[in-house]
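Listing of structure.txt, compact mmCIF, N, CA and C atoms
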```
# COMPACT_ATOMS: atom_id res chain seq x y z
N MET L 1 2.20 7.61 -1.31
CA MET L 1 1.06 7.49 -0.42
C MET L 1 0.14 8.68 -0.62
N ASN L 2 -1.16 8.43 -0.55
CA ASN L 2 -2.17 9.46 -0.71
C ASN L 2 -2.20 10.34 0.54
N LYS L 3 -2.00 11.65 0.39
CA LYS L 3 -1.92 12.56 1.54
C LYS L 3 -3.22 13.32 1.79
N LYS L 4 -4.37 12.77 1.36
CA LYS L 4 -5.64 13.44 1.63
C LYS L 4 -5.94 13.42 3.12
N LEU L 5 -6.64 14.47 3.58
CA LEU L 5 -7.06 14.53 4.97
C LEU L 5 -8.03 13.39 5.25
N ARG L 6 -7.76 12.62 6.26
CA ARG L 6 -8.63 11.50 6.62
C ARG L 6 -9.36 11.85 7.90
N LYS L 7 -10.67 12.04 7.79
CA LYS L 7 -11.43 12.45 8.96
C LYS L 7 -12.51 11.45 9.36
N HIS L 8 -12.58 10.32 8.67
CA HIS L 8 -13.59 9.31 8.99
C HIS L 8 -12.90 8.02 9.43
N ARG L 9 -13.38 7.46 10.50
CA ARG L 9 -12.86 6.20 11.02
C ARG L 9 -13.96 5.15 10.86
N ILE L 10 -13.59 4.01 10.28
CA ILE L 10 -14.56 2.94 10.06
C ILE L 10 -14.01 1.65 10.67
N PRO L 11 -14.47 1.30 11.85
CA PRO L 11 -14.00 0.04 12.46
C PRO L 11 -14.61 -1.15 11.72
N ILE L 12 -13.80 -2.18 11.49
CA ILE L 12 -14.29 -3.39 10.84
C ILE L 12 -13.78 -4.60 11.61
N MET L 13 -14.50 -5.67 11.50
CA MET L 13 -14.10 -6.93 12.11
C MET L 13 -13.62 -7.86 11.00
N MET L 14 -12.54 -8.58 11.25
CA MET L 14 -11.99 -9.51 10.26
C MET L 14 -11.63 -10.82 10.95
N SER L 15 -11.71 -11.89 10.18
CA SER L 15 -11.28 -13.19 10.71
C SER L 15 -9.74 -13.22 10.71
N ASP L 16 -9.19 -14.19 11.38
CA ASP L 16 -7.73 -14.36 11.38
C ASP L 16 -7.21 -14.56 9.96
N ASP L 17 -7.92 -15.37 9.16
CA ASP L 17 -7.49 -15.63 7.78
C ASP L 17 -7.53 -14.38 6.92
N GLU L 18 -8.57 -13.57 7.09
CA GLU L 18 -8.67 -12.32 6.33
C GLU L 18 -7.53 -11.37 6.69
N LEU L 19 -7.26 -11.24 7.97
CA LEU L 19 -6.20 -10.36 8.42
C LEU L 19 -4.83 -10.85 7.94
N THR L 20 -4.62 -12.14 7.95
CA THR L 20 -3.38 -12.70 7.44
C THR L 20 -3.23 -12.39 5.96
N SER L 21 -4.31 -12.49 5.21
CA SER L 21 -4.27 -12.18 3.77
C SER L 21 -3.93 -10.71 3.54
N VAL L 22 -4.51 -9.83 4.33
CA VAL L 22 -4.21 -8.39 4.21
C VAL L 22 -2.74 -8.15 4.53
N ASP L 23 -2.26 -8.74 5.62
CA ASP L 23 -0.86 -8.55 6.00
C ASP L 23 0.09 -9.13 4.96
N ASP L 24 -0.23 -10.28 4.40
CA ASP L 24 0.61 -10.86 3.35
C ASP L 24 0.67 -9.93 2.15
N TRP L 25 -0.49 -9.40 1.72
CA TRP L 25 -0.53 -8.47 0.59
C TRP L 25 0.28 -7.22 0.91
N ARG L 26 0.12 -6.74 2.13
CA ARG L 26 0.84 -5.54 2.58
C ARG L 26 2.35 -5.72 2.48
N PHE L 27 2.86 -6.81 3.00
CA PHE L 27 4.31 -7.04 2.98
C PHE L 27 4.81 -7.27 1.57
N ASN L 28 4.05 -8.01 0.75
CA ASN L 28 4.45 -8.27 -0.64
C ASN L 28 4.46 -7.01 -1.49
N ASN L 29 3.65 -6.02 -1.11
CA ASN L 29 3.57 -4.77 -1.87
C ASN L 29 4.25 -3.61 -1.16
N ARG L 30 4.98 -3.92 -0.10
CA ARG L 30 5.76 -2.92 0.64
C ARG L 30 4.94 -1.72 1.07
N VAL L 31 3.79 -1.99 1.66
CA VAL L 31 2.91 -0.95 2.17
C VAL L 31 3.22 -0.76 3.65
N ALA L 32 3.39 0.48 4.06
CA ALA L 32 3.90 0.78 5.40
C ALA L 32 2.97 0.37 6.53
N THR L 33 1.67 0.57 6.35
CA THR L 33 0.75 0.30 7.46
C THR L 33 -0.40 -0.60 7.01
N ARG L 34 -1.00 -1.25 7.97
CA ARG L 34 -2.16 -2.10 7.69
C ARG L 34 -3.31 -1.24 7.18
N SER L 35 -3.51 -0.06 7.76
CA SER L 35 -4.58 0.83 7.32
C SER L 35 -4.43 1.22 5.87
N GLU L 36 -3.21 1.57 5.48
CA GLU L 36 -2.96 1.94 4.09
C GLU L 36 -3.20 0.75 3.17
N ALA L 37 -2.82 -0.44 3.59
CA ALA L 37 -3.06 -1.63 2.78
C ALA L 37 -4.55 -1.84 2.57
N ILE L 38 -5.34 -1.69 3.62
CA ILE L 38 -6.79 -1.87 3.50
C ILE L 38 -7.38 -0.80 2.58
N ARG L 39 -6.92 0.45 2.70
CA ARG L 39 -7.40 1.51 1.79
C ARG L 39 -7.08 1.16 0.34
N ARG L 40 -5.85 0.70 0.08
CA ARG L 40 -5.46 0.36 -1.30
C ARG L 40 -6.24 -0.83 -1.83
N LEU L 41 -6.46 -1.83 -0.99
CA LEU L 41 -7.25 -2.99 -1.42
C LEU L 41 -8.69 -2.57 -1.73
N CYS L 42 -9.25 -1.67 -0.95
CA CYS L 42 -10.60 -1.16 -1.24
C CYS L 42 -10.62 -0.42 -2.57
N GLN L 43 -9.61 0.40 -2.82
CA GLN L 43 -9.54 1.14 -4.08
C GLN L 43 -9.44 0.17 -5.27
N LEU L 44 -8.63 -0.86 -5.12
CA LEU L 44 -8.51 -1.87 -6.18
C LEU L 44 -9.84 -2.58 -6.42
N GLY L 45 -10.51 -2.95 -5.35
CA GLY L 45 -11.80 -3.62 -5.47
C GLY L 45 -12.84 -2.73 -6.12
N LEU L 46 -12.88 -1.46 -5.74
CA LEU L 46 -13.85 -0.54 -6.31
C LEU L 46 -13.57 -0.25 -7.79
N ALA L 47 -12.32 -0.38 -8.21
CA ALA L 47 -11.95 -0.10 -9.60
C ALA L 47 -12.35 -1.24 -10.54
N LEU L 48 -12.65 -2.42 -9.99
CA LEU L 48 -13.05 -3.55 -10.82
C LEU L 48 -14.44 -3.32 -11.39
N LYS L 49 -14.58 -3.66 -12.67
CA LYS L 49 -15.90 -3.57 -13.28
C LYS L 49 -16.57 -4.93 -13.16
N VAL L 50 -17.69 -4.94 -12.50
CA VAL L 50 -18.45 -6.17 -12.34
C VAL L 50 -19.76 -6.02 -13.10
N GLU L 51 -20.01 -6.98 -13.97
CA GLU L 51 -21.25 -6.88 -14.77
C GLU L 51 -22.15 -8.04 -14.48
```
Structure translated into structure tokens:
Amino acid sequence: MNKKLRKHRIPIMMSDDELTSVDDWRFNNRVATRSEAIRRLCQLGLALKVE
């Protein structure tokens, strides 16, 4: 897990289906918290090259 100091809070709204997808990904990848799962999914999305 990334141990950087986290000092920014960003509230987001999600549909039930989106939240279920995040939780499914979280459990399949053995991620401890929903917040960490969302951070990792954001990192994965940002790493994609879109042309």
All alpha helix (DSSP H) residues (DSSP, backbone) inside chain L, as a compact mmCIF listing (two decimals) with N, CA and C atoms, keeping the file's coordinate frame:
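Result saved to states.txt:
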```txt
# COMPACT_ATOMS: atom_id res chain seq x y z
N ASP L 16 -9.19 -14.19 11.38
CA ASP L 16 -7.73 -14.36 11.38
C ASP L 16 -7.21 -14.56 9.96
N ASP L 17 -7.92 -15.37 9.16
CA ASP L 17 -7.49 -15.63 7.78
C ASP L 17 -7.53 -14.38 6.92
N GLU L 18 -8.57 -13.57 7.09
CA GLU L 18 -8.67 -12.32 6.33
C GLU L 18 -7.53 -11.37 6.69
N LEU L 19 -7.26 -11.24 7.97
CA LEU L 19 -6.20 -10.36 8.42
C LEU L 19 -4.83 -10.85 7.94
N THR L 20 -4.62 -12.14 7.95
CA THR L 20 -3.38 -12.70 7.44
C THR L 20 -3.23 -12.39 5.96
N SER L 21 -4.31 -12.49 5.21
CA SER L 21 -4.27 -12.18 3.77
C SER L 21 -3.93 -10.71 3.54
N VAL L 22 -4.51 -9.83 4.33
CA VAL L 22 -4.21 -8.39 4.21
C VAL L 22 -2.74 -8.15 4.53
N ASP L 23 -2.26 -8.74 5.62
CA ASP L 23 -0.86 -8.55 6.00
C ASP L 23 0.09 -9.13 4.96
N ASP L 24 -0.23 -10.28 4.40
CA ASP L 24 0.61 -10.86 3.35
C ASP L 24 0.67 -9.93 2.15
N TRP L 25 -0.49 -9.40 1.72
CA TRP L 25 -0.53 -8.47 0.59
C TRP L 25 0.28 -7.22 0.91
N ARG L 26 0.12 -6.74 2.13
CA ARG L 26 0.84 -5.54 2.58
C ARG L 26 2.35 -5.72 2.48
N PHE L 27 2.86 -6.81 3.00
CA PHE L 27 4.31 -7.04 2.98
C PHE L 27 4.81 -7.27 1.57
N ASN L 28 4.05 -8.01 0.75
CA ASN L 28 4.45 -8.27 -0.64
C ASN L 28 4.46 -7.01 -1.49
N ARG L 34 -1.00 -1.25 7.97
CA ARG L 34 -2.16 -2.10 7.69
C ARG L 34 -3.31 -1.24 7.18
N SER L 35 -3.51 -0.06 7.76
CA SER L 35 -4.58 0.83 7.32
C SER L 35 -4.43 1.22 5.87
N GLU L 36 -3.21 1.57 5.48
CA GLU L 36 -2.96 1.94 4.09
C GLU L 36 -3.20 0.75 3.17
N ALA L 37 -2.82 -0.44 3.59
CA ALA L 37 -3.06 -1.63 2.78
C ALA L 37 -4.55 -1.84 2.57
N ILE L 38 -5.34 -1.69 3.62
CA ILE L 38 -6.79 -1.87 3.50
C ILE L 38 -7.38 -0.80 2.58
N ARG L 39 -6.92 0.45 2.70
CA ARG L 39 -7.40 1.51 1.79
C ARG L 39 -7.08 1.16 0.34
N ARG L 40 -5.85 0.70 0.08
CA ARG L 40 -5.46 0.36 -1.30
C ARG L 40 -6.24 -0.83 -1.83
N LEU L 41 -6.46 -1.83 -0.99
CA LEU L 41 -7.25 -2.99 -1.42
C LEU L 41 -8.69 -2.57 -1.73
N CYS L 42 -9.25 -1.67 -0.95
CA CYS L 42 -10.60 -1.16 -1.24
C CYS L 42 -10.62 -0.42 -2.57
N GLN L 43 -9.61 0.40 -2.82
CA GLN L 43 -9.54 1.14 -4.08
C GLN L 43 -9.44 0.17 -5.27
N LEU L 44 -8.63 -0.86 -5.12
CA LEU L 44 -8.51 -1.87 -6.18
C LEU L 44 -9.84 -2.58 -6.42
N GLY L 45 -10.51 -2.95 -5.35
CA GLY L 45 -11.80 -3.62 -5.47
C GLY L 45 -12.84 -2.73 -6.12
N LEU L 46 -12.88 -1.46 -5.74
CA LEU L 46 -13.85 -0.54 -6.31
C LEU L 46 -13.57 -0.25 -7.79
N ALA L 47 -12.32 -0.38 -8.21
CA ALA L 47 -11.95 -0.10 -9.60
C ALA L 47 -12.35 -1.24 -10.54
```
| request: For segment 33-36 of chain L, please output as number ranges by chain all residues within 12 Å (counting only C-alpha atoms; exclusion window: fewer than 6 positions along the same chain). | output: L: 1-3, 6, 9-12, 19-27, 42-43
Output for the residues just chosen: N, CA and C atoms as a short mmCIF file (atom, residue, chain, number, x, y, z; two decimals), in the coordinates of the input:
```
data_model
loop_
_atom_site.label_atom_id
_atom_site.label_comp_id
_atom_site.auth_asym_id
_atom_site.auth_seq_id
_atom_site.Cartn_x
_atom_site.Cartn_y
_atom_site.Cartn_z
N MET L 1 2.20 7.61 -1.31
CA MET L 1 1.06 7.49 -0.42
C MET L 1 0.14 8.68 -0.62
N ASN L 2 -1.16 8.43 -0.55
CA ASN L 2 -2.17 9.46 -0.71
C ASN L 2 -2.20 10.34 0.54
N LYS L 3 -2.00 11.65 0.39
CA LYS L 3 -1.92 12.56 1.54
C LYS L 3 -3.22 13.32 1.79
N ARG L 6 -7.76 12.62 6.26
CA ARG L 6 -8.63 11.50 6.62
C ARG L 6 -9.36 11.85 7.90
N ARG L 9 -13.38 7.46 10.50
CA ARG L 9 -12.86 6.20 11.02
C ARG L 9 -13.96 5.15 10.86
N ILE L 10 -13.59 4.01 10.28
CA ILE L 10 -14.56 2.94 10.06
C ILE L 10 -14.01 1.65 10.67
N PRO L 11 -14.47 1.30 11.85
CA PRO L 11 -14.00 0.04 12.46
C PRO L 11 -14.61 -1.15 11.72
N ILE L 12 -13.80 -2.18 11.49
CA ILE L 12 -14.29 -3.39 10.84
C ILE L 12 -13.78 -4.60 11.61
N LEU L 19 -7.26 -11.24 7.97
CA LEU L 19 -6.20 -10.36 8.42
C LEU L 19 -4.83 -10.85 7.94
N THR L 20 -4.62 -12.14 7.95
CA THR L 20 -3.38 -12.70 7.44
C THR L 20 -3.23 -12.39 5.96
N SER L 21 -4.31 -12.49 5.21
CA SER L 21 -4.27 -12.18 3.77
C SER L 21 -3.93 -10.71 3.54
N VAL L 22 -4.51 -9.83 4.33
CA VAL L 22 -4.21 -8.39 4.21
C VAL L 22 -2.74 -8.15 4.53
N ASP L 23 -2.26 -8.74 5.62
CA ASP L 23 -0.86 -8.55 6.00
C ASP L 23 0.09 -9.13 4.96
N ASP L 24 -0.23 -10.28 4.40
CA ASP L 24 0.61 -10.86 3.35
C ASP L 24 0.67 -9.93 2.15
N TRP L 25 -0.49 -9.40 1.72
CA TRP L 25 -0.53 -8.47 0.59
C TRP L 25 0.28 -7.22 0.91
N ARG L 26 0.12 -6.74 2.13
CA ARG L 26 0.84 -5.54 2.58
C ARG L 26 2.35 -5.72 2.48
N PHE L 27 2.86 -6.81 3.00
CA PHE L 27 4.31 -7.04 2.98
C PHE L 27 4.81 -7.27 1.57
N CYS L 42 -9.25 -1.67 -0.95
CA CYS L 42 -10.60 -1.16 -1.24
C CYS L 42 -10.62 -0.42 -2.57
N GLN L 43 -9.61 0.40 -2.82
CA GLN L 43 -9.54 1.14 -4.08
C GLN L 43 -9.44 0.17 -5.27
#
```
To box segment 27-45 of chain L, take all atoms listed in the file, fit an axis-aligned box, add 8 Å on each side, and give centre and edge lengths in Å to one decimal, as lines of an AutoDock Vina configuration file.
```
center_x = -3.5
center_y = -3.2
center_z = 0.8
size_x = 34.6
size_y = 26.2
size_z = 30.4
```
| query | Separation of atom N of Ile38 of chain L and atom C of Glu18 of chain L, in Å? | reply | 10.4 Å
| field | One-decimal distance in Å that lies between atom CA of Lys4 of chain L and atom CA of Ala37 of chain L | value | 15.3 Å
| Computed interatomic separation between atom CA of His8 of chain L and atom CA of Val50 of chain L (Å) |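 Value for the atom CA of His8 of chain L-atom CA of Val50 of chain L distance: 26.8 Å.
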